[in-house]
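> Take a look at data32.pdb, PDB, C-alpha atoms, pLDDT in the B column:
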```pdb
ATOM      1  CA  MET W   1      97.861 252.604 106.300  1.00 47.00           C
ATOM      2  CA  ASN W   2     101.194 253.714 107.735  1.00 53.00           C
ATOM      3  CA  ALA W   3     101.927 255.786 110.814  1.00 49.00           C
ATOM      4  CA  ASN W   4     101.062 258.967 108.931  1.00 53.00           C
ATOM      5  CA  ASP W   5      97.614 257.540 108.123  1.00 63.00           C
ATOM      6  CA  THR W   6      98.266 257.891 104.387  1.00 79.00           C
ATOM      7  CA  PRO W   7      98.280 255.138 101.764  1.00 93.00           C
ATOM      8  CA  SER W   8     101.476 253.106 101.749  1.00 97.00           C
ATOM      9  CA  VAL W   9     104.150 253.735  99.118  1.00 98.00           C
ATOM     10  CA  PHE W  10     105.723 250.315  99.663  1.00 98.00           C
ATOM     11  CA  GLY W  11     106.489 248.661  96.322  1.00 97.00           C
ATOM     12  CA  ALA W  12     106.586 251.968  94.443  1.00 98.00           C
ATOM     13  CA  VAL W  13     110.118 252.880  95.575  1.00 98.00           C
ATOM     14  CA  HIS W  14     113.290 251.512  93.932  1.00 98.00           C
ATOM     15  CA  LEU W  15     116.958 252.289  94.573  1.00 98.00           C
ATOM     16  CA  GLY W  16     117.913 254.074  91.369  1.00 97.00           C
ATOM     17  CA  TYR W  17     121.304 255.787  91.490  1.00 98.00           C
ATOM     18  CA  MET W  18     124.198 256.902  93.695  1.00 98.00           C
ATOM     19  CA  VAL W  19     126.111 260.174  93.670  1.00 98.00           C
ATOM     20  CA  ILE W  20     129.730 259.694  94.776  1.00 98.00           C
ATOM     21  CA  GLU W  21     132.289 262.379  95.588  1.00 97.00           C
ATOM     22  CA  THR W  22     135.850 261.398  94.694  1.00 96.00           C
ATOM     23  CA  ASN W  23     139.133 262.703  93.326  1.00 96.00           C
ATOM     24  CA  ARG W  24     140.238 259.199  92.308  1.00 95.00           C
ATOM     25  CA  PHE W  25     138.770 259.204  88.817  1.00 95.00           C
ATOM     26  CA  ALA W  26     141.572 257.055  87.372  1.00 94.00           C
ATOM     27  CA  ASP W  27     140.919 254.338  89.967  1.00 95.00           C
ATOM     28  CA  TRP W  28     137.205 254.475  89.289  1.00 95.00           C
ATOM     29  CA  ARG W  29     137.801 254.107  85.545  1.00 95.00           C
ATOM     30  CA  ARG W  30     139.881 250.996  86.167  1.00 95.00           C
ATOM     31  CA  PHE W  31     137.507 249.536  88.752  1.00 94.00           C
ATOM     32  CA  GLY W  32     134.180 250.450  87.178  1.00 94.00           C
ATOM     33  CA  THR W  33     135.102 249.760  83.563  1.00 94.00           C
ATOM     34  CA  ASP W  34     137.991 247.286  83.512  1.00 93.00           C
ATOM     35  CA  ALA W  35     137.252 245.301  86.680  1.00 91.00           C
ATOM     36  CA  ILE W  36     133.484 244.964  87.079  1.00 91.00           C
ATOM     37  CA  GLY W  37     132.655 245.880  83.508  1.00 92.00           C
ATOM     38  CA  MET W  38     130.164 248.741  83.717  1.00 95.00           C
ATOM     39  CA  HIS W  39     129.452 251.145  80.849  1.00 95.00           C
ATOM     40  CA  ARG W  40     131.256 254.464  81.416  1.00 96.00           C
ATOM     41  CA  ASP W  41     130.396 257.946  80.129  1.00 95.00           C
ATOM     42  CA  ASP W  42     133.044 260.647  80.618  1.00 92.00           C
ATOM     43  CA  LEU W  43     131.355 264.029  80.814  1.00 91.00           C
ATOM     44  CA  ASP W  44     132.836 267.354  79.694  1.00 80.00           C
ATOM     45  CA  THR W  45     132.229 268.854  83.136  1.00 77.00           C
ATOM     46  CA  GLY W  46     134.834 266.720  84.946  1.00 83.00           C
ATOM     47  CA  GLN W  47     132.156 264.283  86.021  1.00 95.00           C
ATOM     48  CA  MET W  48     131.681 260.631  85.181  1.00 97.00           C
ATOM     49  CA  ARG W  49     128.687 258.335  84.921  1.00 97.00           C
ATOM     50  CA  PHE W  50     128.315 254.577  84.909  1.00 97.00           C
ATOM     51  CA  ARG W  51     125.442 252.587  83.419  1.00 97.00           C
ATOM     52  CA  ILE W  52     124.474 248.952  83.934  1.00 95.00           C
ATOM     53  CA  ASP W  53     121.233 248.951  81.933  1.00 95.00           C
ATOM     54  CA  ASP W  54     119.298 251.278  79.630  1.00 94.00           C
ATOM     55  CA  GLN W  55     118.853 253.964  82.303  1.00 96.00           C
ATOM     56  CA  ALA W  56     121.130 256.910  81.508  1.00 96.00           C
ATOM     57  CA  CYS W  57     122.770 257.065  84.948  1.00 97.00           C
ATOM     58  CA  ARG W  58     123.248 254.603  87.789  1.00 97.00           C
ATOM     59  CA  PHE W  59     126.405 256.071  89.351  1.00 98.00           C
ATOM     60  CA  LEU W  60     127.310 259.741  89.079  1.00 98.00           C
ATOM     61  CA  LEU W  61     130.848 260.657  90.159  1.00 97.00           C
ATOM     62  CA  GLN W  62     131.691 264.257  91.023  1.00 96.00           C
ATOM     63  CA  ARG W  63     135.071 265.667  92.010  1.00 95.00           C
ATOM     64  CA  GLY W  64     135.629 266.293  95.706  1.00 95.00           C
ATOM     65  CA  PRO W  65     137.580 265.087  98.755  1.00 96.00           C
ATOM     66  CA  ALA W  66     134.946 262.983 100.526  1.00 95.00           C
ATOM     67  CA  GLU W  67     135.661 259.620  98.810  1.00 96.00           C
ATOM     68  CA  ASP W  68     132.166 258.606  99.808  1.00 97.00           C
ATOM     69  CA  VAL W  69     128.556 258.275  98.749  1.00 98.00           C
ATOM     70  CA  MET W  70     126.901 261.662  99.109  1.00 98.00           C
ATOM     71  CA  THR W  71     123.426 260.913  97.729  1.00 98.00           C
ATOM     72  CA  THR W  72     121.088 258.005  97.162  1.00 98.00           C
ATOM     73  CA  GLY W  73     118.472 258.439  94.461  1.00 98.00           C
ATOM     74  CA  TRP W  74     115.141 256.610  94.653  1.00 98.00           C
ATOM     75  CA  HIS W  75     112.983 255.974  91.596  1.00 98.00           C
ATOM     76  CA  ILE W  76     109.315 256.619  92.425  1.00 98.00           C
ATOM     77  CA  ASP W  77     106.704 254.974  90.214  1.00 97.00           C
ATOM     78  CA  ASP W  78     104.578 258.029  89.440  1.00 96.00           C
ATOM     79  CA  HIS W  79     104.050 261.707  90.175  1.00 97.00           C
ATOM     80  CA  ALA W  80     101.228 261.122  92.676  1.00 97.00           C
ATOM     81  CA  ILE W  81     103.413 258.927  94.904  1.00 98.00           C
ATOM     82  CA  TYR W  82     106.336 261.344  94.470  1.00 98.00           C
ATOM     83  CA  GLU W  83     104.112 264.139  95.800  1.00 97.00           C
ATOM     84  CA  ARG W  84     102.850 261.910  98.631  1.00 98.00           C
ATOM     85  CA  ILE W  85     106.437 261.360  99.795  1.00 98.00           C
ATOM     86  CA  GLU W  86     107.188 265.065  99.388  1.00 98.00           C
ATOM     87  CA  ALA W  87     104.225 265.864 101.639  1.00 97.00           C
ATOM     88  CA  ARG W  88     105.464 263.405 104.293  1.00 97.00           C
ATOM     89  CA  VAL W  89     108.912 264.989 104.326  1.00 97.00           C
ATOM     90  CA  GLN W  90     107.503 268.499 104.610  1.00 96.00           C
ATOM     91  CA  ALA W  91     105.036 267.438 107.323  1.00 96.00           C
ATOM     92  CA  HIS W  92     108.014 266.488 109.507  1.00 95.00           C
ATOM     93  CA  GLY W  93     109.627 269.892 109.003  1.00 96.00           C
ATOM     94  CA  VAL W  94     112.456 268.528 106.861  1.00 96.00           C
ATOM     95  CA  PRO W  95     113.681 271.027 104.246  1.00 96.00           C
ATOM     96  CA  ALA W  96     113.149 269.748 100.717  1.00 97.00           C
ATOM     97  CA  VAL W  97     114.431 271.375  97.521  1.00 98.00           C
ATOM     98  CA  GLN W  98     113.480 270.697  93.925  1.00 97.00           C
ATOM     99  CA  GLY W  99     116.481 269.797  91.798  1.00 98.00           C
ATOM    100  CA  THR W 100     117.437 272.024  88.880  1.00 97.00           C
ATOM    101  CA  GLU W 101     117.031 270.999  85.257  1.00 96.00           C
ATOM    102  CA  GLU W 102     120.820 270.603  85.020  1.00 95.00           C
ATOM    103  CA  GLU W 103     120.908 268.303  88.069  1.00 97.00           C
ATOM    104  CA  ALA W 104     118.033 266.233  86.691  1.00 97.00           C
ATOM    105  CA  ALA W 105     119.782 265.932  83.321  1.00 96.00           C
ATOM    106  CA  LEU W 106     123.028 264.740  84.954  1.00 96.00           C
ATOM    107  CA  ARG W 107     121.085 262.012  86.747  1.00 97.00           C
ATOM    108  CA  GLY W 108     119.054 261.124  83.686  1.00 96.00           C
ATOM    109  CA  VAL W 109     115.663 261.838  85.280  1.00 97.00           C
ATOM    110  CA  GLU W 110     112.638 264.024  84.635  1.00 95.00           C
ATOM    111  CA  ARG W 111     112.348 265.691  88.054  1.00 96.00           C
ATOM    112  CA  LEU W 112     113.902 265.254  91.469  1.00 97.00           C
ATOM    113  CA  LEU W 113     113.425 266.350  95.053  1.00 98.00           C
ATOM    114  CA  ARG W 114     116.336 266.566  97.524  1.00 98.00           C
ATOM    115  CA  PHE W 115     116.167 266.366 101.324  1.00 98.00           C
ATOM    116  CA  PRO W 116     118.521 265.443 104.198  1.00 98.00           C
ATOM    117  CA  GLY W 117     118.921 261.824 105.264  1.00 97.00           C
ATOM    118  CA  PRO W 118     120.651 259.782 107.962  1.00 95.00           C
ATOM    119  CA  LYS W 119     124.436 260.020 108.435  1.00 94.00           C
ATOM    120  CA  GLY W 120     124.632 263.040 106.156  1.00 96.00           C
ATOM    121  CA  ILE W 121     123.519 261.078 103.093  1.00 98.00           C
ATOM    122  CA  THR W 122     121.265 263.271 100.990  1.00 98.00           C
ATOM    123  CA  GLN W 123     118.120 261.522  99.770  1.00 98.00           C
ATOM    124  CA  GLU W 124     116.688 262.259  96.335  1.00 98.00           C
ATOM    125  CA  ILE W 125     113.446 260.993  94.869  1.00 98.00           C
ATOM    126  CA  TYR W 126     112.775 261.158  91.161  1.00 98.00           C
ATOM    127  CA  THR W 127     110.326 260.157  88.469  1.00 95.00           C
ATOM    128  CA  THR W 128     110.642 258.978  84.874  1.00 94.00           C
ATOM    129  CA  PRO W 129     114.250 257.876  84.363  1.00 95.00           C
ATOM    130  CA  ARG W 130     115.653 258.741  80.946  1.00 95.00           C
ATOM    131  CA  LYS W 131     116.631 255.862  78.711  1.00 93.00           C
ATOM    132  CA  SER W 132     119.890 256.098  76.791  1.00 91.00           C
ATOM    133  CA  ALA W 133     119.832 255.328  73.076  1.00 88.00           C
ATOM    134  CA  GLU W 134     123.544 254.479  73.142  1.00 89.00           C
ATOM    135  CA  PRO W 135     124.234 250.727  73.209  1.00 91.00           C
ATOM    136  CA  LEU W 136     125.801 249.413  76.397  1.00 92.00           C
ATOM    137  CA  ARG W 137     129.547 248.831  76.338  1.00 92.00           C
ATOM    138  CA  MET W 138     130.075 246.355  79.172  1.00 91.00           C
ATOM    139  CA  LEU W 139     132.321 243.415  79.965  1.00 88.00           C
ATOM    140  CA  ALA W 140     129.526 241.846  82.013  1.00 77.00           C
ATOM    141  CA  SER W 141     126.547 240.343  80.200  1.00 78.00           C
ATOM    142  CA  GLY W 142     124.025 241.960  82.533  1.00 85.00           C
ATOM    143  CA  TRP W 143     122.887 243.129  85.953  1.00 91.00           C
ATOM    144  CA  VAL W 144     119.640 242.601  87.836  1.00 91.00           C
ATOM    145  CA  THR W 145     117.773 245.916  88.059  1.00 93.00           C
ATOM    146  CA  GLY W 146     114.208 246.687  86.953  1.00 88.00           C
ATOM    147  CA  GLU W 147     111.489 246.707  89.593  1.00 87.00           C
ATOM    148  CA  ALA W 148     113.927 245.583  92.286  1.00 89.00           C
ATOM    149  CA  GLY W 149     116.222 248.589  91.825  1.00 94.00           C
ATOM    150  CA  ILE W 150     119.985 248.466  91.360  1.00 95.00           C
ATOM    151  CA  GLY W 151     120.911 246.665  94.581  1.00 95.00           C
ATOM    152  CA  HIS W 152     121.352 247.826  98.163  1.00 97.00           C
ATOM    153  CA  VAL W 153     123.221 250.280 100.359  1.00 97.00           C
ATOM    154  CA  ALA W 154     124.672 249.273 103.754  1.00 96.00           C
ATOM    155  CA  ILE W 155     125.032 251.826 106.568  1.00 96.00           C
ATOM    156  CA  THR W 156     126.536 251.517 110.047  1.00 94.00           C
ATOM    157  CA  SER W 157     125.002 253.507 112.888  1.00 94.00           C
ATOM    158  CA  THR W 158     124.982 253.984 116.638  1.00 94.00           C
ATOM    159  CA  LYS W 159     121.230 254.652 116.394  1.00 93.00           C
ATOM    160  CA  PRO W 160     119.794 251.846 114.232  1.00 95.00           C
ATOM    161  CA  ALA W 161     116.236 252.265 115.524  1.00 95.00           C
ATOM    162  CA  ARG W 162     116.249 255.906 114.437  1.00 96.00           C
ATOM    163  CA  LEU W 163     117.445 254.964 110.939  1.00 96.00           C
ATOM    164  CA  ARG W 164     114.831 252.248 110.639  1.00 97.00           C
ATOM    165  CA  GLY W 165     112.167 254.747 111.742  1.00 97.00           C
ATOM    166  CA  TYR W 166     113.360 257.256 109.150  1.00 98.00           C
ATOM    167  CA  PHE W 167     113.029 254.858 106.230  1.00 98.00           C
ATOM    168  CA  LYS W 168     109.736 253.528 107.527  1.00 98.00           C
ATOM    169  CA  THR W 169     108.323 257.042 107.757  1.00 97.00           C
ATOM    170  CA  VAL W 170     109.533 258.183 104.335  1.00 98.00           C
ATOM    171  CA  PHE W 171     109.255 254.999 102.247  1.00 98.00           C
ATOM    172  CA  ASP W 172     107.183 252.579 104.388  1.00 98.00           C
ATOM    173  CA  ALA W 173     110.261 250.350 104.565  1.00 98.00           C
ATOM    174  CA  ARG W 174     109.649 246.937 106.139  1.00 98.00           C
ATOM    175  CA  LEU W 175     111.985 244.785 108.192  1.00 98.00           C
ATOM    176  CA  THR W 176     112.790 241.651 106.185  1.00 98.00           C
ATOM    177  CA  ASP W 177     114.962 240.009 108.825  1.00 97.00           C
ATOM    178  CA  TYR W 178     118.131 240.521 110.835  1.00 95.00           C
ATOM    179  CA  ILE W 179     121.339 238.660 111.562  1.00 96.00           C
ATOM    180  CA  ASP W 180     124.240 238.771 113.988  1.00 94.00           C
ATOM    181  CA  GLU W 181     127.570 238.698 112.197  1.00 91.00           C
ATOM    182  CA  THR W 182     131.247 239.115 113.060  1.00 89.00           C
ATOM    183  CA  ILE W 183     133.266 241.077 110.503  1.00 81.00           C
ATOM    184  CA  SER W 184     137.001 241.626 111.142  1.00 77.00           C
ATOM    185  CA  HIS W 185     136.482 240.643 114.810  1.00 83.00           C
ATOM    186  CA  VAL W 186     133.691 243.214 115.182  1.00 84.00           C
ATOM    187  CA  LYS W 187     130.275 241.875 116.263  1.00 90.00           C
ATOM    188  CA  LEU W 188     127.405 243.511 114.417  1.00 92.00           C
ATOM    189  CA  LYS W 189     123.626 243.252 114.449  1.00 94.00           C
ATOM    190  CA  ILE W 190     122.442 243.866 110.898  1.00 96.00           C
ATOM    191  CA  ARG W 191     118.853 244.727 110.020  1.00 97.00           C
ATOM    192  CA  PHE W 192     117.627 244.359 106.444  1.00 98.00           C
ATOM    193  CA  LEU W 193     114.927 246.734 105.170  1.00 98.00           C
ATOM    194  CA  ARG W 194     112.967 246.315 101.952  1.00 98.00           C
ATOM    195  CA  VAL W 195     110.952 248.900 100.036  1.00 98.00           C
ATOM    196  CA  ASN W 196     109.843 246.558  97.242  1.00 97.00           C
ATOM    197  CA  GLU W 197     110.231 242.919  96.189  1.00 95.00           C
ATOM    198  CA  ARG W 198     114.023 242.873  96.671  1.00 95.00           C
ATOM    199  CA  HIS W 199     115.072 241.175  99.923  1.00 96.00           C
ATOM    200  CA  HIS W 200     116.557 244.491 101.031  1.00 97.00           C
ATOM    201  CA  SER W 201     117.502 247.849  99.577  1.00 98.00           C
ATOM    202  CA  ILE W 202     118.923 249.126 102.889  1.00 98.00           C
ATOM    203  CA  ALA W 203     121.042 247.313 105.458  1.00 97.00           C
ATOM    204  CA  ILE W 204     121.620 248.938 108.851  1.00 97.00           C
ATOM    205  CA  ALA W 205     124.455 247.579 111.001  1.00 95.00           C
ATOM    206  CA  ALA W 206     125.113 248.436 114.657  1.00 94.00           C
ATOM    207  CA  LEU W 207     127.984 247.363 116.901  1.00 91.00           C
ATOM    208  CA  ARG W 208     126.626 244.988 119.523  1.00 85.00           C
ATOM    209  CA  GLY W 209     126.983 246.298 123.076  1.00 80.00           C
ATOM    210  CA  LEU W 210     128.856 249.501 122.272  1.00 80.00           C
ATOM    211  CA  PRO W 211     127.559 252.856 120.939  1.00 86.00           C
ATOM    212  CA  ILE W 212     130.458 253.148 118.479  1.00 88.00           C
ATOM    213  CA  ASP W 213     130.344 253.483 114.700  1.00 90.00           C
ATOM    214  CA  PRO W 214     133.287 251.446 113.352  1.00 87.00           C
ATOM    215  CA  ILE W 215     133.120 252.855 109.797  1.00 89.00           C
ATOM    216  CA  ARG W 216     134.605 256.243 108.826  1.00 89.00           C
ATOM    217  CA  THR W 217     132.506 256.694 105.712  1.00 94.00           C
ATOM    218  CA  ARG W 218     128.785 257.394 105.434  1.00 95.00           C
ATOM    219  CA  VAL W 219     128.241 254.111 103.567  1.00 95.00           C
ATOM    220  CA  GLN W 220     129.858 250.794 104.498  1.00 92.00           C
ATOM    221  CA  HIS W 221     129.252 249.208 101.092  1.00 93.00           C
ATOM    222  CA  LEU W 222     127.150 249.293  97.939  1.00 95.00           C
ATOM    223  CA  ASN W 223     125.809 246.220  96.197  1.00 94.00           C
ATOM    224  CA  ILE W 224     124.818 245.604  92.600  1.00 94.00           C
ATOM    225  CA  GLN W 225     123.579 242.176  91.557  1.00 91.00           C
ATOM    226  CA  ALA W 226     125.267 240.254  88.734  1.00 89.00           C
ATOM    227  CA  ASP W 227     122.969 238.487  86.297  1.00 88.00           C
ATOM    228  CA  SER W 228     124.823 235.173  86.553  1.00 89.00           C
ATOM    229  CA  LEU W 229     127.428 233.304  88.584  1.00 89.00           C
ATOM    230  CA  ASP W 230     129.706 233.345  85.533  1.00 89.00           C
ATOM    231  CA  ASP W 231     129.576 237.159  85.412  1.00 85.00           C
ATOM    232  CA  LEU W 232     130.284 237.318  89.135  1.00 87.00           C
ATOM    233  CA  ALA W 233     133.267 234.969  88.888  1.00 90.00           C
ATOM    234  CA  GLN W 234     134.728 236.806  85.901  1.00 88.00           C
ATOM    235  CA  SER W 235     134.341 240.188  87.601  1.00 87.00           C
ATOM    236  CA  TYR W 236     136.026 238.847  90.732  1.00 85.00           C
ATOM    237  CA  GLN W 237     138.898 237.507  88.658  1.00 90.00           C
ATOM    238  CA  ARG W 238     139.393 240.853  86.891  1.00 90.00           C
ATOM    239  CA  VAL W 239     139.283 242.719  90.227  1.00 88.00           C
ATOM    240  CA  CYS W 240     142.029 240.485  91.603  1.00 91.00           C
ATOM    241  CA  GLU W 241     144.131 240.680  88.432  1.00 90.00           C
ATOM    242  CA  LEU W 242     143.994 244.482  88.528  1.00 90.00           C
ATOM    243  CA  GLY W 243     145.260 244.473  92.103  1.00 87.00           C
ATOM    244  CA  PHE W 244     142.248 245.887  93.939  1.00 83.00           C
ATOM    245  CA  ASP W 245     142.054 245.095  97.656  1.00 73.00           C
ATOM    246  CA  MET W 246     139.130 242.726  98.245  1.00 56.00           C
ATOM    247  CA  ASP W 247     139.161 243.280 102.042  1.00 54.00           C
TER     248      ASP W 247
END
```
Please express what this file holds, its structure, as structure tokens.


Amino acid sequence: MNANDTPSVFGAVHLGYMVIETNRFADWRRFGTDAIGMHRDDLDTGQMRFRIDDQACRFLLQRGPAEDVMTTGWHIDDHAIYERIEARVQAHGVPAVQGTEEEAALRGVERLLRFPGPKGITQEIYTTPRKSAEPLRMLASGWVTGEAGIGHVAITSTKPARLRGYFKTVFDARLTDYIDETISHVKLKIRFLRVNERHHSIAIAALRGLPIDPIRTRVQHLNIQADSLDDLAQSYQRVCELGFDMD
């Protein structure tokens, strides 16, 4: 049992998609399609989607000035667990809104629930991802998804314990491990949280000794896992050849 004295949802939660707000659609086409080799769908509504497997949407891009991740979408195994998480959110007085049919269709899912999350990142849970019948058009041979989800999201925070408590309460996230690391002369303590078999779906980084958030954006980085070292090396080479900054 978890702190709410309800059955755990650990293992039934998988990082499913990201919603990104950007006006740099041309850069995203070059990076997403030409550099790392994802399948791209240009939508009539001025929006763009990327696929890396048979799920209809893994990254949804919408026009706007933020240049940031606005939403993380979590695939929930079944309707009963979806409703269990919904009840947890509501029990803590957090406003939750059912997504519209149009929003669900854009994300390629059957139903979704939206509620506020840490650092202004909206959290969405959904059931039954739609499969696309269109063959994948990718430069990469494959990505590791499935039960482990699409990868991980890394967040910096001045209140790491609060973030860890949030994801533990909502998803029964568990601490896998933590490390101390120096990045660009900044010393960070990084905690890795898992919600299923993947080593971590969420990384939370805090500046050691100072209550300062060194990152302007809501998300410090996103990770998707290449299927092979050859794919990784080829993607890296294309990124460099296209002139993207790897720092």

> With all atoms listed in the file as the atoms that count, which of W:Val170, W:Val19, W:Val109, W:Ile190 lies nearest to W:Arg84?

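For W:Arg84, the nearest of the candidates is W:Val170.
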
> Extract, using only C-alpha atoms, all DNA, RNA and protein residues at most 8 Å from stretch 96-98 of chain W, discarding same-chain residues fewer than 4 positions from it, and format them as an MDAnalysis selection string.

chainID W and resid 86 89:90 111:116

> Residues as selected, C-alpha atoms, written as a compact mmCIF listing (two decimals), in the coordinates of the input, can you do that?


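And here's again-v3.txt as it stands now:
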```txt
# COMPACT_ATOMS: atom_id res chain seq x y z
CA GLU W 86 107.19 265.06 99.39
CA VAL W 89 108.91 264.99 104.33
CA GLN W 90 107.50 268.50 104.61
CA ARG W 111 112.35 265.69 88.05
CA LEU W 112 113.90 265.25 91.47
CA LEU W 113 113.42 266.35 95.05
CA ARG W 114 116.34 266.57 97.52
CA PHE W 115 116.17 266.37 101.32
CA PRO W 116 118.52 265.44 104.20
```

> So which one's closest to W:Pro118, W:Ile202, W:Leu43, W:His152, W:Thr182? Using only C-alpha atoms, please.

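Of W:Ile202, W:Leu43, W:His152, W:Thr182, the one nearest W:Pro118, counting only C-alpha atoms, is W:Ile202.
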
> Residues of stretch 93-203 of chain W within 6 Å of stretch 66-72 of chain W: nearest atom pair and distance (Å, one decimal) for each, counting all atoms listed in the file, sorted by chain and number, as a tab-separated table?


```
residue	atom	partner	partner_atom	distance
W:Ile121	CA	W:Met70	CA	5.3
W:Thr122	CA	W:Thr71	CA	4.6
W:Gln123	CA	W:Thr72	CA	5.3
```

> Please define a box with edges along x, y and z of the file around all atoms of stretch 195-204 of chain W given in the file, extend it by 5 Å on each side, and return its centre and edge lengths in Å to one decimal, as lines of an AutoDock Vina configuration file.


```
center_x = 115.7
center_y = 245.2
center_z = 102.5
size_x = 21.8
size_y = 18.0
size_z = 22.7
```

> Near W:Glu181, within 12 Å and counting all atoms listed in the file, which residues show up once chain neighbours fewer than 3 positions away are dropped, as a ChimeraX atom specification?

/W:178,184-191,205-208

> By how many Å are atom CA of W:Gln47 and atom CA of W:Gln62 apart?

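So the answer is 5.0 Å.
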
> With a distance cut-off of 8 Å and only C-alpha atoms, select the neighbouring residues of W:Arg107, excluding the residue or stretch itself and same-chain residues fewer than 3 positions from it, and output the selection as a list in words.

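Contacts, in chain order: Tyr17, Ala56, Cys57, Arg58, Leu60, Glu103 and Ala104 of chain W.
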
> Would you list the residues near (130.1, 262.0, 85.5) (no more than 8 Å away, in the coordinates of the file, using only C-alpha atoms) as number ranges by chain?

W: 41-43, 45-50, 59-62, 106

> Kindly indicate which residue among W:Gly120, W:Pro135, W:Pro211, W:Pro129 lies nearest to W:Ile76, using all atoms listed in the file for the distances.

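Checking each candidate against W:Ile76, we get W:Pro129 as the closest.
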
> Translate the PyMOL selection byres ((chain W and resi 216) around 12), as applied to the file shown, into an explicit residue set as a ChimeraX atom specification.

/W:66-69,119,155-157,212-215,217-221
